[in-house]
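Here the structure comes first, spelled out in structure tokens, and everything after it is commentary.
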Amino acid sequence: MKIEEIIERTKEHMQRTEEVLAGEFTGVRTGRATTALFEKIEVEAYGSTIPLNQVANIKATDAQTVVIEPWDKSVMSHIDKAIQASDLGLTPSNDGTILRVSFPALTEERRRELAKLCHGYAEDARIAVRNVRQKANRGIEDQKGTEGVSEDDIHRALEDVQKLTDSAIEGIGKLLEKKEAEIMAI
């Protein structure tokens with residue numbers, strides 16, 4: 001594989017790592033009601049497992065309430081069970097036509113736990129980025145002695161990989177900072 005291809009793949013992998021982290025962060029509850037928390041919930045309906053957003057309309061009506069309106073009322077109980085079985089710790093109230101999910105205010109202790117969880121996700125992402133860097137560096141080092149590849153080319157490529165790594169680590173830090181601010185906001 002050529003040096004340019006290695007660098008391009010490295011860049012893609014690092015960007016994907018940041019995207020995965022952002023996805024993980026959407027699943028972490030903040031003090032505000034958000035429909036993003038329900039994206040990962042799967043509902044047993046019609047003989048298969050279906051994402052919640054494909055069987056119901058989900059909307060945040062205010063800062064503390066999300067309303068879920070199923071398109072087919074026969075899946076209401078399945079949606080209710082799926083939300084209660086999720087790790088969100090929320091209990092919907094069912095009035096027969098819609099489900100209301102109230103988000104109680106987070107305690108200071110719970111906010112700290114969530115921030116700690118986010119730090120763990122961020123550290124996992126940093127480790128993934130470093131692993132990608134290590135693999136890229138090995139691939140570049142393997143190019144030594146290849147015809148048409150000079151020592152300067154290898155040195156430049158290693159510097160480029162380090163710049164990509166620094167950029168990705170900085171992006172992860174910014175994502176963490178933003179999510180931590182959301183969590184700690186009252």
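FYI, nothing fancy with the structure tokens labels: chains A, B, ... in order, residues from 1 per chain, ligands from 1 as they appear.
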- Item | Neighbour list for Arg126 of chain A as a list in words, cut-off 12 Å, only C-alpha atoms, skip fewer than 5 positions in-chain | Met14, Gln15, Thr17, Glu18, Val20, Leu21, His119, Gly120, Tyr121, Asn131, Val132, Arg133, Thr165, Asp166, Ser167, Ala168, Ile169, Glu170, Gly171, Ile172, Gly173, Leu175 and Leu176 of chain A
- Quick one: DSSP helix (DSSP H, G or I) residues in segment 83-120 of chain A, as a PyMOL selection string? chain A and resi 83-85+108-120
Okay, now the selection with N, CA and C atoms, as a PDB file, in the first residue's frame?
ATOM      1  N   ILE A  83     -38.973   0.864  26.367  1.00  0.00           N
ATOM      2  CA  ILE A  83     -38.418   2.022  27.080  1.00  0.00           C
ATOM      3  C   ILE A  83     -38.057   1.634  28.510  1.00  0.00           C
ATOM      4  N   GLN A  84     -38.943   0.877  29.173  1.00  0.00           N
ATOM      5  CA  GLN A  84     -38.665   0.464  30.546  1.00  0.00           C
ATOM      6  C   GLN A  84     -37.482  -0.502  30.618  1.00  0.00           C
ATOM      7  N   ALA A  85     -37.303  -1.320  29.582  1.00  0.00           N
ATOM      8  CA  ALA A  85     -36.203  -2.283  29.561  1.00  0.00           C
ATOM      9  C   ALA A  85     -34.874  -1.626  29.203  1.00  0.00           C
ATOM     10  N   GLU A 108     -26.740  16.084  41.602  1.00  0.00           N
ATOM     11  CA  GLU A 108     -25.325  16.413  41.395  1.00  0.00           C
ATOM     12  C   GLU A 108     -24.492  15.136  41.297  1.00  0.00           C
ATOM     13  N   GLU A 109     -24.822  14.151  42.125  1.00  0.00           N
ATOM     14  CA  GLU A 109     -24.084  12.882  42.106  1.00  0.00           C
ATOM     15  C   GLU A 109     -24.256  12.177  40.756  1.00  0.00           C
ATOM     16  N   ARG A 110     -25.482  12.162  40.247  1.00  0.00           N
ATOM     17  CA  ARG A 110     -25.743  11.511  38.957  1.00  0.00           C
ATOM     18  C   ARG A 110     -25.044  12.258  37.827  1.00  0.00           C
ATOM     19  N   ARG A 111     -24.996  13.564  37.900  1.00  0.00           N
ATOM     20  CA  ARG A 111     -24.292  14.359  36.884  1.00  0.00           C
ATOM     21  C   ARG A 111     -22.810  13.979  36.848  1.00  0.00           C
ATOM     22  N   ARG A 112     -22.232  13.827  38.022  1.00  0.00           N
ATOM     23  CA  ARG A 112     -20.812  13.441  38.093  1.00  0.00           C
ATOM     24  C   ARG A 112     -20.595  12.045  37.523  1.00  0.00           C
ATOM     25  N   GLU A 113     -21.525  11.128  37.814  1.00  0.00           N
ATOM     26  CA  GLU A 113     -21.419   9.766  37.274  1.00  0.00           C
ATOM     27  C   GLU A 113     -21.472   9.794  35.741  1.00  0.00           C
ATOM     28  N   LEU A 114     -22.385  10.585  35.196  1.00  0.00           N
ATOM     29  CA  LEU A 114     -22.514  10.686  33.739  1.00  0.00           C
ATOM     30  C   LEU A 114     -21.273  11.325  33.124  1.00  0.00           C
ATOM     31  N   ALA A 115     -20.728  12.332  33.797  1.00  0.00           N
ATOM     32  CA  ALA A 115     -19.500  12.977  33.300  1.00  0.00           C
ATOM     33  C   ALA A 115     -18.355  11.965  33.307  1.00  0.00           C
ATOM     34  N   LYS A 116     -18.291  11.161  34.344  1.00  0.00           N
ATOM     35  CA  LYS A 116     -17.253  10.130  34.434  1.00  0.00           C
ATOM     36  C   LYS A 116     -17.420   9.100  33.310  1.00  0.00           C
ATOM     37  N   LEU A 117     -18.663   8.729  33.027  1.00  0.00           N
ATOM     38  CA  LEU A 117     -18.948   7.811  31.932  1.00  0.00           C
ATOM     39  C   LEU A 117     -18.458   8.400  30.599  1.00  0.00           C
ATOM     40  N   CYS A 118     -18.723   9.679  30.392  1.00  0.00           N
ATOM     41  CA  CYS A 118     -18.285  10.358  29.166  1.00  0.00           C
ATOM     42  C   CYS A 118     -16.767  10.404  29.072  1.00  0.00           C
ATOM     43  N   HIS A 119     -16.103  10.602  30.192  1.00  0.00           N
ATOM     44  CA  HIS A 119     -14.637  10.589  30.202  1.00  0.00           C
ATOM     45  C   HIS A 119     -14.129   9.216  29.774  1.00  0.00           C
ATOM     46  N   GLY A 120     -14.804   8.169  30.213  1.00  0.00           N
ATOM     47  CA  GLY A 120     -14.432   6.811  29.806  1.00  0.00           C
ATOM     48  C   GLY A 120     -14.592   6.603  28.311  1.00  0.00           C
TER      49      GLY A 120
END
- Task: Enumerate the residues of segment 30-173 of chain A with a DSSP assignment of strand (DSSP E), computed from the backbone, and present them as a VMD selection string.
- Result: chain A and resid 42 to 45 48 to 51 56 to 62 65 to 70 92 to 94 99 to 102
Output file for the residues above (C-alpha atoms, as a compact mmCIF listing (two decimals), in the first residue's frame):
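Output below, filename part-v9.txt:
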# COMPACT_ATOMS: atom_id res chain seq x y z
CA GLU A 42 -35.48 -1.32 19.60
CA VAL A 43 -39.15 -2.38 19.76
CA GLU A 44 -40.40 -5.95 19.37
CA ALA A 45 -43.26 -5.47 16.91
CA SER A 48 -39.25 -8.52 14.44
CA THR A 49 -37.11 -5.91 16.16
CA ILE A 50 -37.65 -2.40 14.81
CA PRO A 51 -36.07 0.93 15.82
CA ALA A 56 -43.68 6.16 16.26
CA ASN A 57 -43.32 9.91 16.09
CA ILE A 58 -40.98 11.17 18.83
CA LYS A 59 -40.87 14.82 19.89
CA ALA A 60 -39.72 16.87 22.85
CA THR A 61 -42.60 19.06 23.98
CA ASP A 62 -40.60 20.94 26.61
CA THR A 65 -40.96 15.85 28.53
CA VAL A 66 -40.78 13.70 25.40
CA VAL A 67 -43.98 12.53 23.72
CA ILE A 68 -44.04 9.31 21.71
CA GLU A 69 -47.00 8.84 19.41
CA PRO A 70 -47.15 5.40 17.74
CA PRO A 92 -43.36 6.35 30.38
CA SER A 93 -46.96 7.18 31.23
CA ASN A 94 -49.45 5.69 28.81
CA LEU A 99 -46.69 7.89 25.76
CA ARG A 100 -45.26 10.73 27.84
CA VAL A 101 -41.75 10.33 29.19
CA SER A 102 -40.82 12.79 31.92
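Of note, atom CA of Leu90 of chain A and atom CA of Ala105 of chain A are spaced 11.8 Å apart.
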- Close residues, Arg156 of chain A itself excluded, 12 Å, only C-alpha atoms, min 5 positions apart in chain, as number ranges by chain: A: 3-4, 7, 137, 140-141, 149-151, 161-163
